file work_19.cif (mmCIF, C-alpha atoms)
data_work
loop_
_atom_site.label_atom_id
_atom_site.label_comp_id
_atom_site.auth_asym_id
_atom_site.auth_seq_id
_atom_site.Cartn_x
_atom_site.Cartn_y
_atom_site.Cartn_z
CA MET A 1 5.12 6.95 4.52
CA ARG A 2 4.33 6.17 0.91
CA THR A 3 4.96 2.74 -0.59
CA ILE A 4 3.94 3.58 -4.16
CA GLN A 5 6.12 5.91 -6.22
CA LEU A 6 3.54 8.22 -7.79
CA SER A 7 6.08 9.36 -10.37
CA ARG A 8 5.72 5.92 -11.99
CA LEU A 9 1.98 6.30 -12.59
CA ASP A 10 2.12 8.82 -15.46
CA LEU A 11 -0.68 10.85 -13.89
CA GLN A 12 -2.35 13.44 -16.14
CA PRO A 13 -4.96 16.17 -15.50
CA GLY A 14 -8.50 14.89 -15.86
CA GLN A 15 -7.68 11.31 -14.89
CA ALA A 16 -9.59 9.35 -12.23
CA VAL A 17 -7.50 7.60 -9.55
CA LEU A 18 -8.74 5.13 -6.92
CA ASP A 19 -6.79 4.26 -3.77
CA ILE A 20 -8.15 0.94 -2.45
CA GLY A 21 -7.68 0.48 1.29
CA CYS A 22 -6.71 4.13 1.55
CA GLY A 23 -6.57 4.11 5.36
CA GLN A 24 -5.85 7.57 6.74
CA GLY A 25 -4.75 8.76 3.30
CA ARG A 26 -0.99 8.30 2.98
CA HIS A 27 -1.20 7.97 -0.81
CA LEU A 28 -4.48 9.82 -1.19
CA HIS A 29 -3.13 13.07 0.23
CA ALA A 30 0.03 12.92 -1.89
CA LEU A 31 -2.11 12.99 -5.03
CA CYS A 32 -2.97 16.64 -4.25
CA HIS A 33 0.35 17.60 -5.83
CA HIS A 34 -0.89 16.38 -9.21
CA PRO A 35 -3.27 19.03 -10.57
CA GLY A 36 -6.58 18.19 -12.17
CA LEU A 37 -6.99 14.62 -10.92
CA ARG A 38 -10.25 13.14 -9.68
CA VAL A 39 -9.23 11.18 -6.60
CA TYR A 40 -11.19 8.49 -4.76
CA GLY A 41 -10.29 6.74 -1.51
CA LEU A 42 -12.01 3.48 -0.52
CA ASP A 43 -11.85 1.72 2.85
CA ARG A 44 -14.07 -0.43 5.08
CA ASP A 45 -13.19 1.40 8.31
CA PRO A 46 -15.25 4.59 8.86
CA SER A 47 -12.85 5.90 11.52
CA VAL A 48 -9.86 6.00 9.17
CA LEU A 49 -12.04 7.45 6.39
CA GLN A 50 -12.84 10.38 8.65
CA LYS A 51 -9.12 11.07 9.02
CA ALA A 52 -8.58 10.62 5.29
CA ALA A 53 -11.34 13.13 4.54
CA SER A 54 -9.95 15.61 7.08
CA GLY A 55 -6.56 15.39 5.40
CA CYS A 56 -8.11 15.87 1.98
CA ARG A 57 -9.76 19.08 3.15
CA THR A 58 -6.31 20.32 4.10
CA HIS A 59 -4.40 19.09 1.07
CA PHE A 60 -7.10 19.82 -1.53
CA PRO A 61 -8.21 23.34 -0.52
CA ALA A 62 -9.84 24.04 -3.91
CA ALA A 63 -12.15 21.09 -3.33
CA CYS A 64 -13.64 22.84 -0.32
CA GLU A 65 -14.60 25.80 -2.51
CA GLY A 66 -16.82 23.85 -4.87
CA ALA A 67 -14.40 22.35 -7.40
CA ARG A 68 -14.58 18.89 -5.83
CA ARG A 69 -11.56 16.81 -6.75
CA TRP A 70 -11.79 14.08 -4.13
CA LEU A 71 -14.21 11.67 -2.51
CA VAL A 72 -13.76 9.06 0.21
CA LEU A 73 -16.06 6.04 0.20
CA ARG A 74 -16.84 3.23 2.60
CA GLY A 75 -16.88 0.09 0.53
CA ASP A 76 -15.61 -3.38 -0.27
CA CYS A 77 -12.88 -4.10 -2.79
CA LEU A 78 -14.77 -7.26 -3.77
CA ARG A 79 -17.60 -5.04 -5.09
CA LEU A 80 -16.08 -1.76 -6.19
CA PRO A 81 -18.68 1.02 -6.58
CA PHE A 82 -17.43 2.11 -10.01
CA ALA A 83 -18.53 1.42 -13.56
CA ALA A 84 -16.52 -0.83 -15.83
CA ASP A 85 -13.62 0.85 -17.64
CA SER A 86 -14.07 4.08 -15.65
CA LEU A 87 -10.73 4.59 -13.87
CA ASP A 88 -7.31 5.53 -15.21
CA THR A 89 -5.24 4.35 -12.24
CA VAL A 90 -5.80 2.08 -9.25
CA ILE A 91 -3.53 1.96 -6.19
CA CYS A 92 -3.85 -1.19 -4.07
CA SER A 93 -1.15 -1.00 -1.40
CA GLU A 94 -0.87 -3.54 1.45
CA VAL A 95 -4.43 -4.81 0.97
CA LEU A 96 -4.47 -8.22 -0.73
CA GLU A 97 -2.76 -9.99 2.19
CA HIS A 98 -5.81 -9.15 4.33
CA ILE A 99 -8.38 -10.61 1.91
CA LEU A 100 -9.44 -14.23 1.79
CA ASP A 101 -10.72 -14.04 -1.79
CA TYR A 102 -8.01 -11.78 -3.18
CA ARG A 103 -8.50 -13.05 -6.75
CA THR A 104 -11.98 -11.53 -6.83
CA ALA A 105 -10.45 -8.23 -5.74
CA LEU A 106 -8.01 -8.43 -8.66
CA LEU A 107 -10.86 -9.16 -11.07
CA GLU A 108 -12.74 -6.14 -9.75
CA ILE A 109 -9.68 -3.96 -10.29
CA ARG A 110 -9.44 -5.22 -13.85
CA ARG A 111 -13.14 -4.48 -14.39
CA VAL A 112 -13.00 -0.84 -13.29
CA LEU A 113 -9.70 0.05 -14.99
CA LYS A 114 -9.79 1.46 -18.49
CA PRO A 115 -7.85 -0.44 -21.15
CA GLY A 116 -4.27 0.78 -20.81
CA GLY A 117 -4.96 1.94 -17.24
CA ARG A 118 -2.26 1.44 -14.62
CA LEU A 119 -2.29 -0.65 -11.45
CA ALA A 120 0.15 0.01 -8.61
CA LEU A 121 0.12 -3.03 -6.32
CA SER A 122 2.10 -3.79 -3.17
CA VAL A 123 2.13 -6.60 -0.60
CA PRO A 124 4.47 -7.59 2.24
CA ARG A 125 7.64 -9.22 0.94
CA ARG A 126 7.95 -12.95 1.55
CA GLY A 127 11.30 -13.05 3.40
CA PRO A 128 10.71 -10.39 6.08
CA GLU A 129 7.09 -11.51 6.47
CA ARG A 130 8.08 -15.13 7.09
CA VAL A 131 10.41 -14.00 9.89
CA CYS A 132 7.51 -12.13 11.51
CA TRP A 133 5.32 -15.23 11.33
CA LEU A 134 8.09 -17.39 12.82
CA LEU A 135 8.78 -14.97 15.66
CA SER A 136 5.21 -14.41 16.80
CA ARG A 137 2.05 -16.47 16.78
CA GLY A 138 0.20 -13.33 17.91
CA TYR A 139 1.28 -11.51 14.76
CA ARG A 140 -0.12 -14.34 12.64
CA LYS A 141 -3.40 -14.45 14.55
CA GLU A 142 -4.02 -10.71 14.88
CA PRO A 143 -7.69 -9.95 14.01
CA GLY A 144 -7.81 -8.26 10.63
CA GLY A 145 -4.17 -9.16 10.06
CA HIS A 146 -2.34 -10.95 7.30
CA LEU A 147 -3.96 -14.12 6.01
CA ARG A 148 -1.17 -15.28 3.68
CA ILE A 149 2.37 -14.72 2.53
CA PHE A 150 2.72 -14.06 -1.19
CA ARG A 151 5.54 -15.27 -3.37
CA SER A 152 6.41 -12.13 -5.32
CA ARG A 153 6.96 -13.78 -8.68
CA PHE A 154 3.86 -15.94 -8.32
CA LEU A 155 1.67 -12.90 -7.57
CA ARG A 156 3.13 -10.90 -10.44
CA ASP A 157 2.54 -13.76 -12.87
CA GLU A 158 -0.96 -14.34 -11.49
CA VAL A 159 -1.91 -10.71 -12.07
CA ALA A 160 -0.34 -10.80 -15.52
CA ALA A 161 -2.46 -13.85 -16.40
CA LEU A 162 -5.57 -11.76 -15.68
CA GLY A 163 -4.68 -9.37 -18.49
CA PHE A 164 -2.04 -7.03 -17.08
CA ILE A 165 1.37 -6.16 -18.50
CA PRO A 166 4.15 -5.82 -15.86
CA ARG A 167 5.99 -2.49 -16.08
CA GLY A 168 8.58 -2.89 -13.35
CA GLY A 169 8.70 -2.71 -9.59
CA HIS A 170 10.86 -2.25 -6.51
CA HIS A 171 11.08 -2.94 -2.78
CA ALA A 172 10.30 -0.45 -0.02
CA HIS A 173 10.60 0.26 3.71
CA ALA A 174 13.77 -1.64 4.63
CA LEU A 175 14.14 0.45 7.80
CA HIS A 176 10.73 -0.79 8.97
CA THR A 177 11.64 -4.47 8.76
CA PRO A 178 13.77 -4.59 11.97
CA TYR A 179 11.06 -2.59 13.73
CA TRP A 180 8.47 -5.29 13.03
CA TRP A 181 10.90 -8.04 13.98
CA LEU A 182 11.42 -6.34 17.34
CA LYS A 183 7.66 -6.05 17.83
CA CYS A 184 7.22 -9.73 17.05
CA LEU A 185 9.90 -10.70 19.59
CA ARG A 186 7.75 -9.21 22.36
CA TRP A 187 4.31 -9.22 20.77
CA GLY A 188 2.47 -9.09 24.08
CA LYS A 189 4.38 -5.93 25.06
CA ARG A 190 5.08 -4.64 21.56
CA ASP A 191 4.11 -1.04 22.29
CA SER A 192 5.78 -0.71 25.69
CA TRP A 193 9.08 -2.59 25.21
CA LEU A 194 11.92 -0.05 25.25
CA PRO A 195 13.73 -1.22 22.06
CA VAL A 196 10.44 -0.92 20.12
CA ARG A 197 9.76 2.55 21.55
CA LEU A 198 13.25 3.76 20.69
CA TYR A 199 13.12 2.34 17.18
CA HIS A 200 9.68 3.89 16.65
CA ARG A 201 11.08 7.25 17.74
CA MET A 202 13.82 6.91 15.13
CA LEU A 203 11.26 6.07 12.42
CA VAL A 204 9.14 9.10 13.29
CA TRP A 205 12.23 11.32 13.16
CA ASP A 206 13.17 9.83 9.81
CA LEU A 207 9.66 10.39 8.45
CA LEU A 208 9.52 14.02 9.55
CA ALA A 209 13.12 15.04 8.87
CA SER A 210 13.82 12.80 5.86
CA PRO A 211 17.62 13.13 6.24
CA ARG A 212 19.79 12.10 3.33
CA CYS A 213 21.72 9.57 5.40
CA THR A 214 18.67 7.39 6.13
CA ARG A 215 17.25 7.85 2.61
CA TRP A 216 20.53 6.53 1.19
CA LEU A 217 20.68 3.74 3.76
CA GLU A 218 17.15 2.59 3.00
CA ALA A 219 17.77 2.70 -0.75
CA LEU A 220 20.85 0.53 -0.19
CA LEU A 221 18.99 -1.97 2.01
CA ASN A 222 15.68 -2.16 0.12
CA PRO A 223 16.77 -4.91 -2.30
CA PHE A 224 17.68 -7.10 0.70
CA LEU A 225 15.42 -6.04 3.58
CA GLY A 226 12.56 -4.12 1.96
CA LYS A 227 9.37 -5.02 3.85
CA SER A 228 7.12 -4.39 0.84
CA VAL A 229 7.33 -5.48 -2.79
CA VAL A 230 5.73 -3.16 -5.35
CA PHE A 231 4.55 -3.90 -8.89
CA TYR A 232 3.41 -1.53 -11.62
CA LEU A 233 1.22 -3.06 -14.32
CA ASP A 234 -0.94 -1.83 -17.20
CA LYS A 235 -4.27 -3.33 -18.15
CA GLU A 236 -4.02 -4.76 -21.65
CA MET A 237 -5.60 -2.78 -24.48
CA GLU A 238 -8.67 -4.31 -26.05
CA ALA A 239 -8.10 -6.09 -29.33
CA SER A 240 -9.37 -4.09 -32.30
#
call {"tool": "encode", "arguments": {"input": "work_19.cif", "output": "structure tokens"}}
result
Amino acid sequence: MRTIQLSRLDLQPGQAVLDIGCGQGRHLHALCHHPGLRVYGLDRDPSVLQKAASGCRTHFPAACEGARRWLVLRGDCLRLPFAADSLDTVICSEVLEHILDYRTALLEIRRVLKPGGRLALSVPRRGPERVCWLLSRGYRKEPGGHLRIFRSRFLRDEVAALGFIPRGGHHAHALHTPYWWLKCLRWGKRDSWLPVRLYHRMLVWDLLASPRCTRWLEALLNPFLGKSVVFYLDKEMEAS
């Protein structure tokens, strides 16, 4: 389930790409279809990094034969382990809402990106997220959960003020919004309640089968119900 559209990143052989908060590798593994990239995944959770690395061994078979194209790292997005101006692209998907000092994370992203490098950034969309917060106190207080709700335009303008040029965006995952609303209605039994289990089964089927009917339906609903908002921005070129 990818939130970022990799086709919008203008990826080229030889480029270095960092996926911040890579989790189990949903975007990381998709980068294997772009030849010649150097791919890095960063996360704080060693258990998900193990799964991300296992997937990379499957999706990047050449890397296991010596031509290493990927690396997963345990680290903190407030202190990225990369030199200044060293990366061509940074993906930061569904991360900033978990961070108290998210502005420092944005400054770190700016530091490591090359001038003209691209940032793909996503956060939960304000409308659907507010409904989740209203429906469930447990959702709001979940350890490691969401600390804030972003106003989309405010966040875009805030990132632009740091030296990024907006290059468009979109919404994603409209079919997941009702699923989270159902979970919030019965937060204490969110995994066992029958409507949640049935909806989850539908989402898994949709993910594996990817039928045209649900792809069209989600594309139709994304502008209204998309759970995530995505921005694509370029770091400004240095003045000559």
call {"tool": "resolve_selection", "arguments": {"input": "work_19.cif", "expression": "the PyMOL selection byres ((chain A and resi 190) around 12)", "output": "ChimeraX atom specification"}}
result
/A:136,138-139,179-189,191-200
call {"tool": "closest_residue", "arguments": {"input": "work_19.cif", "among": "A:Leu113, A:Cys56, A:Val72, A:Val230", "to": "Tyr40 of chain A", "atoms": "only C-alpha atoms"}}
result
A:Val72
call {"tool": "atom_distance", "arguments": {"input": "work_19.cif", "atom1": "atom CA of Asp101 of chain A", "atom2": "atom CA of Leu147 of chain A"}}
result
10.3 Å
call {"tool": "resolve_selection", "arguments": {"input": "work_19.cif", "expression": "the PyMOL selection byres ((chain A and resi 228) around 12)", "output": "MDAnalysis selection string"}}
result
chainID A and resid 2:4 93:95 97 121:129 149:152 169:177 222:227 229:231
call {"tool": "atom_distance", "arguments": {"input": "work_19.cif", "atom1": "atom CA of His59 of chain A", "atom2": "atom CA of Arg38 of chain A"}}
result
13.6 Å
call {"tool": "atom_distance", "arguments": {"input": "work_19.cif", "atom1": "atom CA of Arg118 of chain A", "atom2": "atom CA of Thr89 of chain A"}}
result
4.8 Å
call {"tool": "residues_around", "arguments": {"input": "work_19.cif", "residues": "Arg74 of chain A", "least_positions_apart": "5", "cutoff": "9 Å", "atoms": "all atoms listed in the file", "output": "VMD selection string"}}
result
chain A and resid 41 to 46 49
call {"tool": "closest_residue", "arguments": {"input": "work_19.cif", "among": "A:Met202, A:Leu28, A:Leu18, A:Leu134", "to": "Val112 of chain A", "atoms": "all atoms listed in the file"}}
result
A:Leu18
call {"tool": "resolve_selection", "arguments": {"input": "work_19.cif", "expression": "the PyMOL selection byres ((chain A and resi 234) around 7)", "output": "list in words"}}
result
Gly116, Gly117, Arg118, Leu119, Phe164, Ile165, Pro166, Leu233, Lys235 and Glu236 of chain A
call {"tool": "closest_residue", "arguments": {"input": "work_19.cif", "among": "A:Leu208, A:Leu73, A:Ala52, A:Ile91", "to": "Ala120 of chain A", "atoms": "all atoms listed in the file"}}
result
A:Ile91
call {"tool": "closest_residue", "arguments": {"input": "work_19.cif", "among": "A:Arg79, A:Arg103, A:Lys114, A:Arg130", "to": "Gln15 of chain A", "atoms": "only C-alpha atoms"}}
result
A:Lys114
call {"tool": "closest_residue", "arguments": {"input": "work_19.cif", "among": "A:Arg167, A:His34, A:Arg8, A:Lys51", "to": "Cys22 of chain A", "atoms": "only C-alpha atoms"}}
result
A:Lys51
call {"tool": "axis_aligned_box", "arguments": {"input": "work_19.cif", "around": "segment 7-21 of chain A", "padding_each_side": "6 Å", "output": "AutoDock Vina command-line options"}}
result
--center_x -1.8 --center_y 8.3 --center_z -7.4 --size_x 27.7 --size_y 27.7 --size_z 29.4
call {"tool": "closest_residue", "arguments": {"input": "work_19.cif", "among": "A:Ala83, A:Ala219, A:Leu96, A:Leu31", "to": "Leu9 of chain A", "atoms": "all atoms listed in the file"}}
result
A:Leu31
call {"tool": "residues_near_point", "arguments": {"input": "work_19.cif", "point": "(-12.2, 0.0, -0.9)", "cutoff": "6 Å", "atoms": "all atoms listed in the file", "output": "PyMOL selection string"}}
result
chain A and resi 20-21+42-43+75-77
